[in-house]
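Visitor: What follows is final_36.cif, mmCIF, C-alpha atoms and all ligand atoms.
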```
data_target
loop_
_atom_site.label_atom_id
_atom_site.label_comp_id
_atom_site.auth_asym_id
_atom_site.auth_seq_id
_atom_site.Cartn_x
_atom_site.Cartn_y
_atom_site.Cartn_z
CA MET P 1 141.19 -88.44 -76.17
CA ALA P 2 143.83 -87.73 -78.82
CA SER P 3 145.04 -90.67 -80.87
CA VAL P 4 148.23 -92.54 -80.18
CA GLN P 5 149.74 -91.64 -83.56
CA ALA P 6 148.90 -87.96 -83.23
CA ILE P 7 150.54 -87.69 -79.85
CA LEU P 8 153.54 -89.83 -80.79
CA SER P 9 154.08 -87.64 -83.84
CA GLY P 10 153.76 -84.56 -81.64
CA GLY P 11 151.17 -83.12 -84.01
CA VAL P 12 148.27 -82.61 -81.64
CA GLY P 13 147.23 -83.27 -78.11
CA PRO P 14 147.89 -81.89 -74.70
CA ASN P 15 151.64 -81.57 -75.16
CA GLY P 16 153.60 -81.89 -71.99
CA SER P 17 150.60 -83.03 -69.94
CA THR P 18 150.47 -86.16 -67.86
CA GLU P 19 147.76 -87.50 -70.18
CA ALA P 20 150.02 -87.02 -73.22
CA ALA P 21 152.89 -88.79 -71.47
CA GLN P 22 150.65 -91.73 -70.50
CA ILE P 23 149.20 -92.06 -73.98
CA ALA P 24 152.67 -91.88 -75.51
CA GLU P 25 153.93 -94.58 -73.18
CA VAL P 26 151.03 -96.96 -73.90
CA GLY P 27 151.27 -96.12 -77.60
CA ALA P 28 154.96 -96.99 -77.67
CA LYS P 29 154.18 -100.30 -75.94
CA ALA P 30 151.41 -101.01 -78.45
CA LEU P 31 153.75 -100.39 -81.37
CA GLU P 32 156.29 -102.70 -79.73
CA VAL P 33 153.61 -105.45 -79.56
CA LEU P 34 152.94 -104.95 -83.27
CA ARG P 35 156.65 -105.09 -84.11
CA LYS P 36 156.98 -108.42 -82.32
CA THR P 37 153.67 -109.96 -83.43
CA ILE P 38 152.22 -110.72 -86.84
CA SER P 39 148.89 -109.05 -86.19
CA VAL P 40 145.88 -110.15 -88.22
CA ASP P 41 142.30 -109.02 -88.68
CA VAL P 42 140.95 -112.54 -89.15
CA HIS P 43 137.75 -111.46 -90.95
CA THR P 44 137.27 -108.33 -92.99
CA HIS P 45 135.74 -107.12 -96.21
CA GLY P 46 138.27 -104.30 -96.47
CA GLY P 47 136.27 -101.20 -95.65
CA PRO P 48 133.61 -99.24 -97.55
CA GLN P 49 135.41 -99.56 -100.89
CA GLY P 50 136.44 -103.13 -100.19
CA ILE P 51 135.40 -106.44 -101.60
CA TYR P 52 131.73 -105.84 -100.74
CA SER P 53 131.70 -102.89 -103.11
CA PRO P 54 131.23 -102.85 -106.88
CA ALA P 55 134.03 -100.24 -107.09
CA PRO P 56 137.41 -101.45 -108.38
CA PRO P 57 140.09 -102.01 -105.72
CA ASN P 58 142.25 -99.10 -104.57
CA GLY P 59 145.20 -98.46 -102.26
CA ASN P 60 143.18 -97.43 -99.18
CA LEU P 61 143.38 -100.83 -97.52
CA ALA P 62 147.18 -101.06 -97.71
CA ALA P 63 147.56 -97.42 -96.65
CA GLY P 64 145.33 -97.88 -93.60
CA MET P 65 147.15 -101.06 -92.60
CA ARG P 66 150.51 -99.28 -92.82
CA ALA P 67 149.20 -96.33 -90.81
CA GLY P 68 147.96 -98.59 -88.01
CA SER P 69 150.82 -101.15 -88.17
CA LEU P 70 148.45 -104.01 -89.03
CA ALA P 71 150.43 -106.84 -90.67
CA ALA P 72 147.71 -108.86 -92.37
CA VAL P 73 144.01 -109.13 -93.09
CA CYS P 74 141.98 -112.15 -94.02
CA LEU P 75 139.94 -110.55 -96.81
CA SER P 76 136.70 -112.44 -97.34
CA GLU P 77 134.75 -112.44 -100.53
CA ILE P 78 131.05 -113.25 -100.27
CA PRO P 79 129.70 -115.61 -102.93
CA ASP P 80 126.05 -115.09 -101.91
CA GLU P 81 126.39 -111.29 -101.74
CA PRO P 82 124.12 -110.77 -104.81
CA LEU P 83 121.25 -112.39 -102.88
CA LEU P 84 121.53 -110.44 -99.64
CA GLY P 85 119.02 -107.95 -98.32
CA ARG P 86 117.04 -107.42 -95.15
CA ASN P 87 113.93 -109.22 -93.99
CA ALA P 88 110.96 -107.51 -92.32
CA ALA P 89 112.76 -107.52 -88.97
CA GLY P 90 115.75 -105.70 -90.48
CA VAL P 91 117.92 -108.81 -90.25
CA THR P 92 120.22 -109.77 -93.13
CA SER P 93 118.91 -112.66 -95.20
CA ILE P 94 118.72 -113.73 -98.80
CA THR P 95 115.92 -112.15 -100.79
CA ARG P 96 115.68 -114.89 -103.42
CA SER P 97 117.21 -118.24 -104.34
CA PRO P 98 120.36 -118.30 -106.46
CA ARG P 99 120.23 -119.29 -110.11
CA ALA P 100 122.38 -122.30 -111.06
CA GLY P 101 125.99 -121.14 -111.44
CA GLU P 102 125.22 -117.58 -110.27
CA LEU P 103 127.19 -117.67 -107.02
CA TYR P 104 130.10 -119.48 -108.66
CA ALA P 105 130.27 -116.71 -111.28
CA HIS P 106 130.19 -114.03 -108.57
CA HIS P 107 132.91 -115.88 -106.62
CA LEU P 108 135.19 -115.99 -109.70
CA GLU P 109 134.54 -112.31 -110.38
CA ARG P 110 135.50 -111.38 -106.79
CA LEU P 111 138.63 -113.57 -107.00
CA ALA P 112 139.62 -111.47 -110.00
CA TRP P 113 139.00 -108.36 -107.87
CA VAL P 114 141.45 -109.72 -105.27
CA ASP P 115 143.97 -110.47 -108.04
CA ALA P 116 143.75 -106.82 -109.14
CA MET P 117 144.13 -105.69 -105.52
CA VAL P 118 147.34 -107.64 -104.94
CA THR P 119 148.78 -106.79 -108.37
CA HIS P 120 148.24 -103.04 -108.23
CA HIS P 121 147.56 -101.83 -104.70
CA GLY P 122 150.45 -102.64 -102.41
CA LEU P 123 149.30 -105.82 -100.70
CA LEU P 124 151.24 -109.06 -100.72
CA ARG P 125 149.19 -112.24 -101.09
CA ALA P 126 150.18 -114.57 -98.26
CA LEU P 127 149.82 -118.26 -99.12
CA THR P 128 151.67 -119.66 -96.09
CA ALA P 129 152.58 -118.64 -92.56
CA GLY P 130 156.13 -118.21 -93.88
CA ASP P 131 154.90 -115.59 -96.36
CA LEU P 132 153.36 -113.66 -93.45
CA GLU P 133 156.59 -113.90 -91.45
CA SER P 134 158.76 -112.49 -94.22
CA ALA P 135 156.22 -109.79 -95.13
CA HIS P 136 156.00 -108.70 -91.49
CA ALA P 137 159.78 -108.62 -91.18
CA SER P 138 159.97 -106.24 -94.15
CA GLY P 139 156.98 -104.12 -93.12
CA GLN P 140 154.88 -105.23 -96.08
CA PRO P 141 151.11 -105.47 -95.40
CA SER P 142 149.62 -108.75 -96.61
CA VAL P 143 146.31 -110.30 -97.43
CA ILE P 144 145.09 -113.84 -96.79
CA GLY P 145 142.32 -114.94 -99.15
CA GLY P 146 139.04 -115.90 -97.52
CA VAL P 147 135.62 -116.94 -98.71
CA GLU P 148 132.49 -116.33 -96.61
CA GLY P 149 130.25 -119.30 -97.33
CA LEU P 150 130.98 -122.19 -99.67
CA ASP P 151 127.76 -121.65 -101.60
CA PHE P 152 129.74 -121.32 -104.84
CA MET P 153 130.65 -125.02 -104.71
CA GLU P 154 127.20 -126.35 -105.64
CA GLY P 155 128.32 -129.78 -104.49
CA LYS P 156 131.53 -129.79 -106.56
CA LEU P 157 134.64 -130.47 -104.45
CA GLU P 158 136.92 -129.51 -107.34
CA ARG P 159 135.76 -125.92 -106.94
CA LEU P 160 137.32 -125.89 -103.47
CA GLU P 161 140.59 -127.03 -104.97
CA GLU P 162 140.31 -124.31 -107.61
CA ALA P 163 139.70 -121.69 -104.89
CA HIS P 164 142.84 -122.91 -103.12
CA GLN P 165 144.82 -122.57 -106.34
CA ARG P 166 143.49 -119.02 -106.66
CA GLY P 167 144.88 -118.14 -103.21
CA ILE P 168 142.00 -118.84 -100.83
CA ARG P 169 143.30 -120.06 -97.47
CA ALA P 170 140.20 -119.67 -95.26
CA ALA P 171 136.90 -121.38 -96.00
CA GLN P 172 133.78 -120.41 -94.05
CA LEU P 173 131.36 -123.30 -94.37
CA VAL P 174 128.05 -121.43 -94.33
CA HIS P 175 126.70 -117.89 -94.62
CA TYR P 176 123.09 -116.82 -95.38
CA THR P 177 122.21 -119.23 -98.18
CA PRO P 178 121.03 -122.77 -97.38
CA ASN P 179 123.68 -125.21 -98.63
CA ASP P 180 124.47 -128.91 -98.54
CA ILE P 181 127.22 -128.55 -95.87
CA GLY P 182 125.59 -127.43 -92.62
CA ASP P 183 123.11 -125.10 -90.92
CA PHE P 184 123.53 -121.36 -90.34
CA GLN P 185 122.43 -119.38 -87.30
CA THR P 186 119.89 -117.15 -89.03
CA GLY P 187 118.31 -119.87 -91.16
CA VAL P 188 116.04 -122.87 -90.87
CA VAL P 189 117.79 -125.91 -89.37
CA THR P 190 117.69 -128.76 -91.87
CA HIS P 191 120.88 -130.78 -91.40
CA ASP P 192 121.18 -131.00 -87.57
CA GLY P 193 124.95 -130.69 -87.81
CA VAL P 194 127.31 -131.31 -90.72
CA THR P 195 126.28 -133.39 -93.73
CA GLU P 196 128.39 -136.21 -95.15
CA PHE P 197 129.37 -133.81 -97.94
CA GLY P 198 130.21 -131.19 -95.31
CA ALA P 199 132.53 -133.68 -93.61
CA GLU P 200 134.17 -134.32 -96.98
CA VAL P 201 134.62 -130.56 -97.42
CA ILE P 202 136.30 -130.25 -94.01
CA ARG P 203 138.66 -133.11 -94.83
CA ALA P 204 139.40 -131.50 -98.21
CA CYS P 205 140.25 -128.22 -96.43
CA HIS P 206 142.71 -130.14 -94.25
CA ARG P 207 144.23 -131.85 -97.28
CA LEU P 208 144.52 -128.68 -99.37
CA GLY P 209 145.66 -126.46 -96.50
CA MET P 210 142.78 -124.11 -95.68
CA VAL P 211 141.52 -122.83 -92.34
CA VAL P 212 137.97 -124.06 -91.66
CA ASP P 213 135.85 -121.16 -90.40
CA VAL P 214 132.61 -121.98 -88.59
CA ALA P 215 131.35 -118.39 -88.34
CA HIS P 216 127.58 -118.20 -89.00
CA ALA P 217 127.20 -121.94 -88.31
CA THR P 218 124.66 -123.01 -85.70
CA GLU P 219 126.01 -124.32 -82.41
CA GLN P 220 125.06 -127.84 -83.47
CA THR P 221 126.86 -127.46 -86.82
CA ALA P 222 129.95 -125.91 -85.20
CA LYS P 223 130.11 -128.78 -82.68
CA ALA P 224 129.70 -131.35 -85.44
CA ALA P 225 132.49 -129.62 -87.41
CA ALA P 226 134.69 -129.79 -84.30
CA ARG P 227 134.12 -133.56 -84.13
CA VAL P 228 134.97 -134.04 -87.81
CA SER P 229 137.93 -131.68 -87.85
CA SER P 230 141.43 -132.85 -86.94
CA LYS P 231 142.79 -129.27 -87.11
CA PRO P 232 142.02 -126.15 -85.07
CA LEU P 233 138.84 -124.36 -86.15
CA LEU P 234 138.33 -120.64 -86.53
CA LEU P 235 135.07 -118.88 -85.67
CA SER P 236 136.07 -115.61 -87.24
CA HIS P 237 133.47 -112.99 -86.28
CA THR P 238 131.01 -113.00 -83.42
CA ALA P 239 130.57 -111.90 -79.79
CA LEU P 240 129.44 -113.59 -76.61
CA VAL P 241 125.67 -113.94 -76.40
CA GLY P 242 124.21 -111.35 -74.01
CA SER P 243 127.45 -109.32 -74.18
CA ARG P 244 127.31 -106.46 -71.69
CA ALA P 245 129.98 -104.59 -73.61
CA MET P 246 128.08 -104.59 -76.89
CA ALA P 247 125.14 -102.29 -77.50
CA SER P 248 122.03 -104.03 -78.79
CA THR P 249 122.48 -105.13 -82.38
CA ARG P 250 120.33 -106.62 -85.08
CA LEU P 251 123.12 -109.23 -85.31
CA ALA P 252 122.20 -110.71 -81.90
CA ALA P 253 121.33 -114.03 -83.55
CA ARG P 254 124.94 -114.24 -84.71
CA CYS P 255 126.37 -114.28 -81.18
CA VAL P 256 127.57 -117.52 -79.56
CA THR P 257 126.92 -119.21 -76.22
CA PRO P 258 129.79 -120.13 -73.87
CA ASP P 259 129.37 -123.81 -74.87
CA HIS P 260 129.50 -122.97 -78.56
CA ALA P 261 132.70 -120.94 -78.03
CA ARG P 262 134.28 -123.69 -75.91
CA ALA P 263 133.67 -126.30 -78.62
CA VAL P 264 135.73 -124.19 -81.03
CA ALA P 265 138.43 -123.42 -78.44
CA GLU P 266 138.76 -127.13 -77.62
CA THR P 267 140.00 -127.80 -81.16
CA ASP P 268 142.89 -125.45 -80.17
CA GLY P 269 141.01 -122.96 -82.32
CA ALA P 270 140.25 -119.28 -81.98
CA ILE P 271 137.18 -117.05 -81.81
CA GLY P 272 137.30 -113.66 -83.51
CA ILE P 273 135.37 -110.82 -81.91
CA TRP P 274 133.85 -108.34 -84.32
CA ALA P 275 134.13 -104.54 -83.98
CA ILE P 276 130.45 -103.85 -83.25
CA PHE P 277 131.14 -101.87 -80.08
CA GLU P 278 130.66 -98.20 -79.31
CA SER P 279 134.32 -97.53 -78.54
CA LEU P 280 137.69 -99.25 -78.55
CA ASP P 281 137.46 -99.60 -74.75
CA LYS P 282 134.11 -101.39 -75.10
CA TYR P 283 135.65 -103.55 -77.83
CA VAL P 284 138.35 -104.57 -75.36
CA ASP P 285 135.61 -105.41 -72.84
CA GLY P 286 134.08 -107.64 -75.54
CA LEU P 287 137.43 -109.40 -76.00
CA LYS P 288 137.66 -109.87 -72.24
CA GLU P 289 134.17 -111.36 -72.04
CA MET P 290 135.24 -114.06 -74.50
CA ALA P 291 138.68 -114.54 -72.89
CA GLU P 292 136.94 -115.21 -69.56
CA ILE P 293 135.05 -118.09 -71.19
CA VAL P 294 137.67 -119.71 -73.44
CA GLY P 295 140.99 -118.30 -72.19
CA VAL P 296 143.23 -115.67 -73.71
CA ASP P 297 144.86 -118.24 -76.03
CA HIS P 298 141.63 -118.65 -77.99
CA VAL P 299 140.50 -115.10 -78.75
CA CYS P 300 141.35 -113.04 -81.82
CA VAL P 301 140.12 -109.99 -83.70
CA GLY P 302 137.73 -110.39 -86.66
CA THR P 303 136.33 -106.92 -87.20
CA ASP P 304 133.93 -107.77 -90.06
CA GLN P 305 134.81 -104.33 -91.35
CA GLN P 306 132.75 -102.68 -92.97
CA VAL P 307 129.50 -104.56 -92.64
CA VAL P 308 128.20 -102.61 -89.66
CA PRO P 309 129.25 -99.48 -87.81
CA GLY P 310 131.73 -100.17 -85.07
CA ALA P 311 134.73 -99.13 -83.05
CA LEU P 312 137.28 -99.78 -85.77
CA GLN P 313 136.25 -97.84 -88.85
CA ASP P 314 139.65 -97.83 -90.51
CA TYR P 315 142.93 -99.61 -89.95
CA SER P 316 144.87 -96.52 -88.92
CA GLN P 317 143.07 -97.24 -85.60
CA TRP P 318 144.63 -100.70 -85.23
CA VAL P 319 147.49 -99.54 -83.00
CA ASN P 320 144.92 -97.70 -80.88
CA LEU P 321 143.03 -100.96 -80.40
CA ILE P 322 146.23 -102.58 -79.10
CA ALA P 323 146.80 -99.56 -76.82
CA ALA P 324 143.23 -99.98 -75.54
CA MET P 325 143.97 -103.67 -74.79
CA LEU P 326 146.99 -102.61 -72.72
CA ARG P 327 145.03 -99.86 -70.95
CA GLY P 328 142.26 -102.37 -70.31
CA GLY P 329 144.54 -104.72 -68.40
CA PHE P 330 145.89 -107.18 -70.97
CA THR P 331 149.65 -107.68 -70.78
CA SER P 332 151.79 -107.09 -73.88
CA GLU P 333 152.05 -110.86 -74.32
CA GLU P 334 148.27 -111.31 -74.09
CA ALA P 335 147.62 -108.41 -76.47
CA GLY P 336 150.03 -110.01 -78.95
CA LYS P 337 148.19 -113.33 -78.76
CA ILE P 338 144.81 -111.69 -79.34
CA ALA P 339 146.13 -109.37 -82.06
CA GLY P 340 147.52 -112.24 -84.12
CA GLY P 341 149.46 -114.91 -82.24
CA ASN P 342 146.43 -117.12 -81.68
CA TYR P 343 145.33 -116.87 -85.30
CA MET P 344 148.86 -117.65 -86.51
CA ARG P 345 148.74 -120.88 -84.49
CA VAL P 346 145.49 -121.88 -86.26
CA LEU P 347 146.90 -120.89 -89.65
CA ARG P 348 150.17 -122.78 -89.15
CA ALA P 349 148.28 -125.94 -88.18
CA ALA P 350 145.83 -125.73 -91.08
CA VAL P 351 147.82 -124.15 -93.90
CA GLY P 352 151.49 -124.56 -92.94
ZN ZN L 401 129.61 -112.69 -91.66
#
```
Take the structure in this file and express it as structure tokens.
Ligand SMILES: [Zn+2]
Guide:
Amino acid sequence: MASVQAILSGGVGPNGSTEAAQIAEVGAKALEVLRKTISVDVHTHGGPQGIYSPAPPNGNLAAGMRAGSLAAVCLSEIPDEPLLGRNAAGVTSITRSPRAGELYAHHLERLAWVDAMVTHHGLLRALTAGDLESAHASGQPSVIGGVEGLDFMEGKLERLEEAHQRGIRAAQLVHYTPNDIGDFQTGVVTHDGVTEFGAEVIRACHRLGMVVDVAHATEQTAKAAARVSSKPLLLSHTALVGSRAMASTRLAARCVTPDHARAVAETDGAIGIWAIFESLDKYVDGLKEMAEIVGVDHVCVGTDQQVVPGALQDYSQWVNLIAAMLRGGFTSEEAGKIAGGNYMRVLRAAVG
């Protein structure tokens, strides 16, 4: 099937056919959703040359966002990235323990990468919901700073405050490295929930104005975080366990049960579905599977681009994802909630 943009621009496609007319109509509706809604990819690494890459930043991210009418991305740096590899089963894990200060140094280096990105490559750094509103009104793509795993803290709360000062507005508690906050899904359970320090971290996120992200946390840790938290939680990138829409993946251990998802939704939070589907239509089926469990007010899009292959390889496809939501039976209002409205509610409550 030809893309929405191609047909709307009249460049390619079965001109004059019924199919072209239908695609153009859905495409126009999708663009209307994106004009009305601040749409957000709630968890990304910014593509193959993004923050996961040793290459310096470039303008591809902003260009793709403009092409697909995506308003904002939560761009996550990965403090424990230098430790990551694959275990014998092909599953991502750390290959060694960090040296003292190593992950903090990597975190600071990646923050400098983000600084260079926003200074030179056409992305506005959003520090508040108001920043996102004005950027969206003027058609300016924006970036929300995120950090995937608080392993850089090494027990020092002041490092969280420093991260906030440097523009971080989303804090994922755990990733692949054992820490003193909580347990992660692919690791050995040692804390049975959230530690006292972890509870302090959550309260500090509330005080500073950062979204608490429980992606990668075990069900027990996510539920404990929900009890500690007085703000909506985000679980930024996952899928429903046993998803029929998703092909088998080595990330199966990162999926969540209905109960796990409900615990996050009950904080008035949102669950981001990653892009690990064979097609945009399957991706929409994955969104539906989660919406059936937690309701359409608690689902969002967290592609995790570009960690694994998936249905959304670059952001010029964003408008096509919205069109697929509409084709798949979501109303314009529902598509707007999933594309960004639900996340904006979480952000407003946590960050202001
Ligand atoms: Zn992740």
Visitor: May I have the residues at most 12 Å from (122.7, -117.4, -109.9) in the file's coordinates, counting only C-alpha atoms, as a PDB file with C-alpha atoms, keeping the file's coordinate frame?
Guide:
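Saved file result_14.pdb follows:
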```pdb
ATOM      1  CA  PRO P  79     129.700-115.610-102.930  1.00  0.00           C
ATOM      2  CA  ASP P  80     126.050-115.090-101.910  1.00  0.00           C
ATOM      3  CA  GLU P  81     126.390-111.290-101.740  1.00  0.00           C
ATOM      4  CA  PRO P  82     124.120-110.770-104.810  1.00  0.00           C
ATOM      5  CA  LEU P  83     121.250-112.390-102.880  1.00  0.00           C
ATOM      6  CA  ARG P  96     115.680-114.890-103.420  1.00  0.00           C
ATOM      7  CA  SER P  97     117.210-118.240-104.340  1.00  0.00           C
ATOM      8  CA  PRO P  98     120.360-118.300-106.460  1.00  0.00           C
ATOM      9  CA  ARG P  99     120.230-119.290-110.110  1.00  0.00           C
ATOM     10  CA  ALA P 100     122.380-122.300-111.060  1.00  0.00           C
ATOM     11  CA  GLY P 101     125.990-121.140-111.440  1.00  0.00           C
ATOM     12  CA  GLU P 102     125.220-117.580-110.270  1.00  0.00           C
ATOM     13  CA  LEU P 103     127.190-117.670-107.020  1.00  0.00           C
ATOM     14  CA  TYR P 104     130.100-119.480-108.660  1.00  0.00           C
ATOM     15  CA  ALA P 105     130.270-116.710-111.280  1.00  0.00           C
ATOM     16  CA  HIS P 106     130.190-114.030-108.570  1.00  0.00           C
ATOM     17  CA  HIS P 107     132.910-115.880-106.620  1.00  0.00           C
ATOM     18  CA  ASP P 151     127.760-121.650-101.600  1.00  0.00           C
ATOM     19  CA  PHE P 152     129.740-121.320-104.840  1.00  0.00           C
ATOM     20  CA  GLU P 154     127.200-126.350-105.640  1.00  0.00           C
ATOM     21  CA  THR P 177     122.210-119.230 -98.180  1.00  0.00           C
TER      22      THR P 177
END
```
Visitor: Restricting the calculation to all atoms listed in the file: of P:Thr95, P:Gln22, P:Gln165, P:Ser76, which residue gets closest to ligand ZN 401 (chain L)?
Guide: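 The closest residue to ligand ZN 401 (chain L) is P:Ser76.
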Visitor: Quick one: residues within 8 Å of P:Leu127, only C-alpha atoms counted, chain neighbours fewer than 5 positions away excluded, as a ChimeraX atom specification?
Guide: /P:144,167,169
Visitor: Quick one: distance from atom CA of P:Asp183 to atom CA of P:Thr195 in Å, one decimal?
Guide: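 Taking atom CA of P:Asp183 as the start and atom CA of P:Thr195 as the end point, the length is 9.3 Å.
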Visitor: Within 12 Å of ligand ZN 401 (chain L), counting only C-alpha atoms and all ligand atoms, which protein or nucleic acid residues do you find, written as a VMD selection string?
Guide: chain P and resid 42 to 45 52 75 to 81 84 92 to 93 146 to 149 172 to 177 184 to 186 213 to 217 235 to 239 251 253 to 255 272 to 274 302 to 308
Visitor: Which residue gives the smallest distance to P:Asn87 among P:Ile51, P:Arg250, P:Gly193, P:Leu326, with all atoms listed in the file counted?
Guide: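 Comparing P:Ile51, P:Arg250, P:Gly193, P:Leu326 against P:Asn87, the winner is P:Arg250.
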Visitor: Quick one: residues within 9 Å of P:Ile38, all atoms listed in the file, excluding same-chain residues fewer than 6 positions away - as a list of chain:residue names?
Guide: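 With the cut-off at 9 Å, the set is P:Leu70, P:Ala71, P:Ala72, P:Leu132, P:Glu133, P:His136, P:Ala137, P:Gly336, P:Ala339, P:Gly340, P:Gly341, P:Met344.
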Visitor: Looking at P:Leu280, P:Leu287, P:Leu234, P:Ala63, which one is nearest to P:Glu266, with distances taken over only C-alpha atoms?
Guide: P:Leu234
Visitor: Pick out the closest residue to P:Ala323 from this set: P:Ala335, P:Ala135, P:Lys231, P:Ile181. Count only C-alpha atoms.
Guide: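 That would be P:Ala335, the residue with the smallest distance to P:Ala323.
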Visitor: State, in Å with one decimal place, the distance from atom CA of P:Leu31 to atom CA of P:Asn342.
Guide: 18.3 Å
Visitor: Restricting the calculation to all atoms listed in the file: of P:Met246, P:Cys300, P:Ala222, P:Leu111, which residue gets closest to P:Asp192?
Guide: P:Ala222
Visitor: I'd like the neighbourhood of P:Glu278 as a tab-separated table (two decimals) with C-alpha atoms, keeping the file's coordinate frame, where a residue qualifies if any of its atoms comes within 9 Å (using only C-alpha atoms), though same-chain residues fewer than 4 positions away should be ignored.
Guide:
```tsv
chain	number	residue	atom	x	y	z
P	245	ALA	CA	129.98	-104.59	-73.61
P	246	MET	CA	128.08	-104.59	-76.89
P	247	ALA	CA	125.14	-102.29	-77.50
P	282	LYS	CA	134.11	-101.39	-75.10
P	283	TYR	CA	135.65	-103.55	-77.83
P	309	PRO	CA	129.25	-99.48	-87.81
P	310	GLY	CA	131.73	-100.17	-85.07
P	311	ALA	CA	134.73	-99.13	-83.05
```
Visitor: Tell me which residues come within 9 Å of (140.5, -117.3, -78.9), as a list of chain:residue names, counting only C-alpha atoms in the file's coordinates.
Guide: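 Checking each residue against the 9 Å limit leaves P:Leu234, P:Leu235, P:Ala261, P:Val264, P:Ala265, P:Asp268, P:Gly269, P:Ala270, P:Ile271, P:Gly272, P:Ile273, P:Leu287, P:Met290, P:Ala291, P:Val294, P:Gly295, P:Val296, P:Asp297, P:His298, P:Val299, P:Cys300, P:Val301, P:Lys337, P:Ile338, P:Asn342, P:Tyr343.
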Visitor: What does the distance from atom CA of P:Asp314 to atom CA of P:His120 come to in Å, to one decimal?
Guide: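 Between these atoms lies a distance of 20.4 Å.
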Visitor: What's around P:Val33 at 9 Å? Count only C-alpha atoms, leave out sequence neighbours fewer than 2 positions away in its own chain, and write the answer as a PyMOL selection string.
Guide: chain P and resi 28-31+35-37+39+322+332-333+335-336+339
